[in-house]
Each structure stands twice: as C-alpha cells, then as structure tokens.
$ cat upload_37.csv   # CSV, C-alpha atoms
chain,number,residue,atom,x,y,z
A,267,MET,CA,47.7,115.3,113.7
A,268,ILE,CA,50.9,115.7,111.7
A,269,GLN,CA,53.1,115.2,114.7
A,270,ARG,CA,52.1,111.6,115.0
A,271,ILE,CA,54.4,109.2,113.1
A,272,GLN,CA,51.5,107.1,111.8
A,273,THR,CA,50.3,110.2,109.9
A,274,LEU,CA,53.7,110.3,108.1
A,275,TYR,CA,53.4,106.6,107.3
A,276,LEU,CA,49.9,107.1,105.9
A,277,LEU,CA,51.1,110.2,104.0
A,278,LEU,CA,53.8,108.0,102.4
A,279,VAL,CA,51.2,105.5,101.3
A,280,VAL,CA,49.2,108.4,99.7
A,281,ILE,CA,52.3,109.7,97.8
A,282,LEU,CA,53.5,106.2,96.7
A,283,GLY,CA,49.9,105.1,95.7
A,284,THR,CA,49.4,108.3,93.7
A,285,LEU,CA,52.7,107.9,91.9
A,286,LEU,CA,51.8,104.3,91.1
A,287,CYS,CA,48.7,105.6,89.2
A,288,PHE,CA,51.0,107.4,86.8
A,289,PHE,CA,53.8,104.9,86.3
A,290,SER,CA,53.6,101.3,84.9
A,291,PRO,CA,54.8,98.6,87.3
A,292,VAL,CA,55.6,96.2,84.5
A,293,GLN,CA,56.8,96.4,80.9
A,294,PHE,CA,56.5,93.7,78.3
A,295,LEU,CA,59.0,93.0,75.5
A,296,MET,CA,57.2,92.0,72.3
A,297,PRO,CA,57.8,88.4,71.1
A,298,GLU,CA,59.8,89.7,68.2
A,299,GLY,CA,62.0,91.6,70.6
A,300,THR,CA,61.4,94.9,68.9
A,301,ALA,CA,59.4,97.1,71.3
A,302,TYR,CA,58.4,97.5,74.9
A,303,VAL,CA,54.7,97.7,75.9
A,304,SER,CA,53.7,99.1,79.2
A,305,LEU,CA,50.8,97.7,81.3
A,306,GLN,CA,48.9,100.9,80.9
A,307,THR,CA,48.2,100.1,77.2
A,308,PHE,CA,46.0,97.2,78.3
A,309,ASP,CA,42.4,97.4,79.5
A,310,THR,CA,43.2,97.2,83.3
A,311,TRP,CA,40.4,99.2,84.7
A,312,GLN,CA,40.1,96.9,87.8
A,313,LEU,CA,43.8,97.6,88.6
A,314,THR,CA,43.2,101.3,88.1
A,315,ILE,CA,40.3,101.4,90.5
A,316,ILE,CA,42.3,99.7,93.2
A,317,ALA,CA,45.3,101.9,92.5
A,318,ILE,CA,43.1,105.0,93.0
A,319,ALA,CA,41.2,103.6,96.0
A,320,ILE,CA,44.4,102.8,98.1
A,321,PRO,CA,45.7,106.4,98.4
A,322,LEU,CA,42.2,107.8,98.8
A,323,LEU,CA,41.5,105.5,101.7
A,324,ALA,CA,44.8,106.3,103.3
A,325,LEU,CA,44.1,110.0,102.9
A,326,VAL,CA,40.7,109.6,104.6
A,327,THR,CA,42.3,107.6,107.3
A,328,ILE,CA,44.7,110.4,108.1
A,329,PHE,CA,41.8,112.7,109.0
A,330,LEU,CA,40.1,110.1,111.3
A,331,PHE,CA,42.7,110.7,114.0
A,332,LYS,CA,40.1,111.2,116.7
A,333,ASN,CA,38.6,107.7,116.0
A,334,ARG,CA,41.7,105.5,116.4
A,335,MET,CA,40.0,102.1,116.2
A,336,LEU,CA,38.2,103.0,112.9
A,337,GLN,CA,41.6,104.3,111.7
A,338,ALA,CA,43.2,100.9,112.5
A,339,ARG,CA,40.4,98.9,110.8
A,340,LEU,CA,40.6,101.1,107.7
A,341,ASN,CA,44.4,100.5,107.6
A,342,VAL,CA,43.8,96.7,107.6
A,343,VAL,CA,41.2,97.1,104.8
A,344,ASN,CA,43.7,99.1,102.9
A,345,ALA,CA,46.4,96.5,103.4
A,346,ILE,CA,44.0,93.9,102.0
A,347,LEU,CA,43.4,96.1,99.0
A,348,CYS,CA,47.2,96.3,98.5
A,349,LEU,CA,47.3,92.5,98.6
A,350,GLY,CA,44.5,92.4,96.1
A,351,GLN,CA,46.5,94.8,93.9
A,352,CYS,CA,49.5,92.5,94.0
A,353,ALA,CA,47.4,89.5,93.1
A,354,LEU,CA,45.6,91.3,90.3
A,355,LEU,CA,48.9,92.5,88.9
A,356,GLY,CA,50.2,88.9,88.9
A,357,LEU,CA,47.0,87.8,87.2
A,358,TYR,CA,47.3,90.4,84.5
A,359,ILE,CA,50.9,89.5,83.9
A,360,THR,CA,50.0,85.8,83.5
A,361,PHE,CA,47.1,86.6,81.2
A,362,ILE,CA,49.1,88.9,79.0
A,363,VAL,CA,52.2,86.6,78.7
A,364,LYS,CA,49.9,83.6,78.0
A,365,GLY,CA,48.3,85.6,75.2
A,366,TYR,CA,44.8,85.9,76.6
A,367,GLU,CA,44.7,89.7,76.4
A,368,PRO,CA,45.0,91.1,72.9
A,369,ILE,CA,46.5,94.5,72.2
A,370,ASN,CA,45.3,96.1,69.1
A,371,GLY,CA,44.4,92.8,67.5
A,372,MET,CA,47.6,91.0,68.3
A,373,THR,CA,48.6,89.0,71.3
A,374,LEU,CA,51.8,89.0,73.3
A,375,ALA,CA,52.0,85.3,73.8
A,376,GLY,CA,55.5,84.4,74.7
A,377,ALA,CA,56.4,88.0,75.6
A,378,GLU,CA,58.9,88.7,78.3
A,379,TRP,CA,58.0,90.9,81.2
A,380,PHE,CA,60.2,93.1,83.3
A,381,PRO,CA,59.0,94.6,86.6
A,382,SER,CA,60.0,98.2,87.4
A,383,VAL,CA,60.7,99.7,90.7
A,384,TRP,CA,57.0,100.6,90.9
A,385,ALA,CA,56.0,97.0,91.1
A,386,ALA,CA,57.2,97.0,94.7
A,387,VAL,CA,55.0,99.9,95.8
A,388,PRO,CA,52.0,97.7,96.9
A,389,LEU,CA,54.3,95.7,99.2
A,390,VAL,CA,55.9,98.8,100.6
A,391,ASN,CA,52.4,100.2,101.2
A,392,ILE,CA,51.5,97.0,103.1
A,393,VAL,CA,54.5,97.5,105.4
A,394,LEU,CA,53.8,101.2,105.9
A,395,LEU,CA,50.1,100.5,106.7
A,396,MET,CA,51.0,97.8,109.2
A,397,MET,CA,53.5,100.1,110.9
A,398,ALA,CA,50.9,102.9,111.0
A,399,THR,CA,48.3,100.4,112.5
A,400,ARG,CA,50.8,99.3,115.1
A,401,ARG,CA,51.4,103.0,116.2
A,402,ILE,CA,47.7,103.7,116.2
A,403,LEU,CA,47.0,100.8,118.5
A,404,LYS,CA,49.9,101.9,120.8
A,405,ASP,CA,48.3,105.4,121.0
A,406,GLU,CA,44.9,103.8,121.8
A,407,ALA,CA,46.5,101.7,124.6
A,408,LEU,CA,48.2,104.8,125.9
A,409,VAL,CA,44.9,106.7,126.0
A,410,ARG,CA,43.1,103.9,127.7
A,411,ALA,CA,45.8,103.6,130.3
A,412,ALA,CA,45.6,107.3,131.0
A,413,ASP,CA,41.8,107.0,131.4
A,414,ARG,CA,42.2,104.2,134.0
A,415,LEU,CA,44.5,106.4,136.1
A,416,ARG,CA,42.0,109.2,136.4
$ encode --input "upload_37.csv" --output "structure tokens"
Amino acid sequence: MIQRIQTLYLLLVVILGTLLCFFSPVQFLMPEGTAYVSLQTFDTWQLTIIAIAIPLLALVTIFLFKNRMLQARLNVVNAILCLGQCALLGLYITFIVKGYEPINGMTLAGAEWFPSVWAAVPLVNIVLLMMATRRILKDEALVRAADRLR
C-alpha cells in the first residue's frame, strides 16, 4: 500500500488539508489600517466542513487500495470538493470586503485582504489528487493487461 506513489500523493493531501484547518488562508487589514483580522474569526462553518472533509476523504481513499476504480472516483469527488473550497473562499473574501459579513457588530467594508501561503493549498491538493488518480488508473490498466495474458 505505502509503496505506491499515489499513496504518497494522497498522504500529502491529508497532511496539507489538515494543516489548512489550523491556519488561515487569508488575512484582512481593517479599514482604519490598525489591525489584521484572520478568516477564522468569521462564521465560516461551510468552509470548515469542506476543509475537514477533504483530508478525511483522502485518508479513506488511501485504504481503498484494493478497489482502484472506487479510489479514482473518490479522488475526482475530492478534487471537486477542493474546487468548491476555492470558490467558497473567494465568495467569503468578496462578502467580507464588501461589508456583508459583520464582525462583532462592525463591518470590514473597504478592508484589504492578503492571501497567505495556505491559500494555495486547495490548488496544490487538486494537482496531487489528479496525479494520484492518473497513477491509480495506470495501475488498473496494468492489472487488466496482466489478466488478459493469463
């Protein structure tokens, strides 16, 4: 199981996804320019659920190594979740900067936002998931070719 390269790709998705749960991908500079506010101070439960689901699904996918086609399908579903995470993050940034999401009674309309290194994690996860899917499908083709020869 661990000797397969796709397992290492999926393990990286688990590690990066778990770390993303603890670090904020975006920080906002208050309109007065006095303090930074992280995305974690807002009510972002949808983003939190997706951020937890992605590494869990990748971890489950690692242990489905005997069912390669299901493993490949779950990787595609996980990549779609990562795209949804990117879209939801962009939506939250837009809402917060436009002043739709109040924080402790005050809005951050006109605030500047600064992405951190962690904002790139969903995109890196998509690449890793697609690389793992490609290797899984290569393994499946190899097994089918070996079955034809017998």
$ atom_distance --input "upload_37.csv" --atom1 "CA of Tyr302 (chain A)" --atom2 "CA of Ala317 (chain A)"
22.4 Å
$ residues_around --input "upload_37.csv" --residues "Leu276 (chain A)" --least-positions-apart "3" --cutoff "9 Å" --atoms "all atoms listed in the file" --output "ChimeraX atom specification"
/A:271-273,279-281,321,324-325,327-328,341,391,394-395,398
$ atom_distance --input "upload_37.csv" --atom1 "CA of Val343 (chain A)" --atom2 "CA of Trp384 (chain A)"
21.3 Å
$ closest_residue --input "upload_37.csv" --among "A:Ala412, A:Val303, A:Met396, A:Leu323" --to "Val342 (chain A)" --atoms "all atoms listed in the file"
A:Met396
$ closest_residue --input "upload_37.csv" --among "A:Ile402, A:Val393, A:Val363, A:Leu285" --to "Trp379 (chain A)" --atoms "all atoms listed in the file"
A:Val363
$ closest_residue --input "upload_37.csv" --among "A:Lys364, A:Leu330, A:Leu313, A:Leu336" --to "Cys348 (chain A)" --atoms "all atoms listed in the file"
A:Leu313
$ atom_distance --input "upload_37.csv" --atom1 "CA of Gln306 (chain A)" --atom2 "CA of Ser290 (chain A)"
6.2 Å
$ closest_residue --input "upload_37.csv" --among "A:Ala301, A:Leu357, A:Ala319, A:Ile362" --to "Gly376 (chain A)" --atoms "all atoms listed in the file"
A:Ile362
$ residues_near_point --input "upload_37.csv" --point "(51.4, 91.7, 93.3)" --cutoff "12 Å" --atoms "all atoms listed in the file" --output "list in words"
Pro291, Val292, Leu313, Ala317, Ile346, Leu347, Cys348, Leu349, Gly350, Gln351, Cys352, Ala353, Leu354, Leu355, Gly356, Leu357, Tyr358, Ile359, Thr360, Pro381, Trp384, Ala385, Ala386, Val387, Pro388, Leu389, Val390, Asn391 and Ile392 of chain A
$ closest_residue --input "upload_37.csv" --among "A:Thr307, A:Thr300, A:Ser382, A:Thr314" --to "Cys287 (chain A)" --atoms "only C-alpha atoms"
A:Thr314
$ closest_residue --input "upload_37.csv" --among "A:Met296, A:Ala345, A:Leu340, A:Ile316" --to "Thr284 (chain A)" --atoms "only C-alpha atoms"
A:Ile316
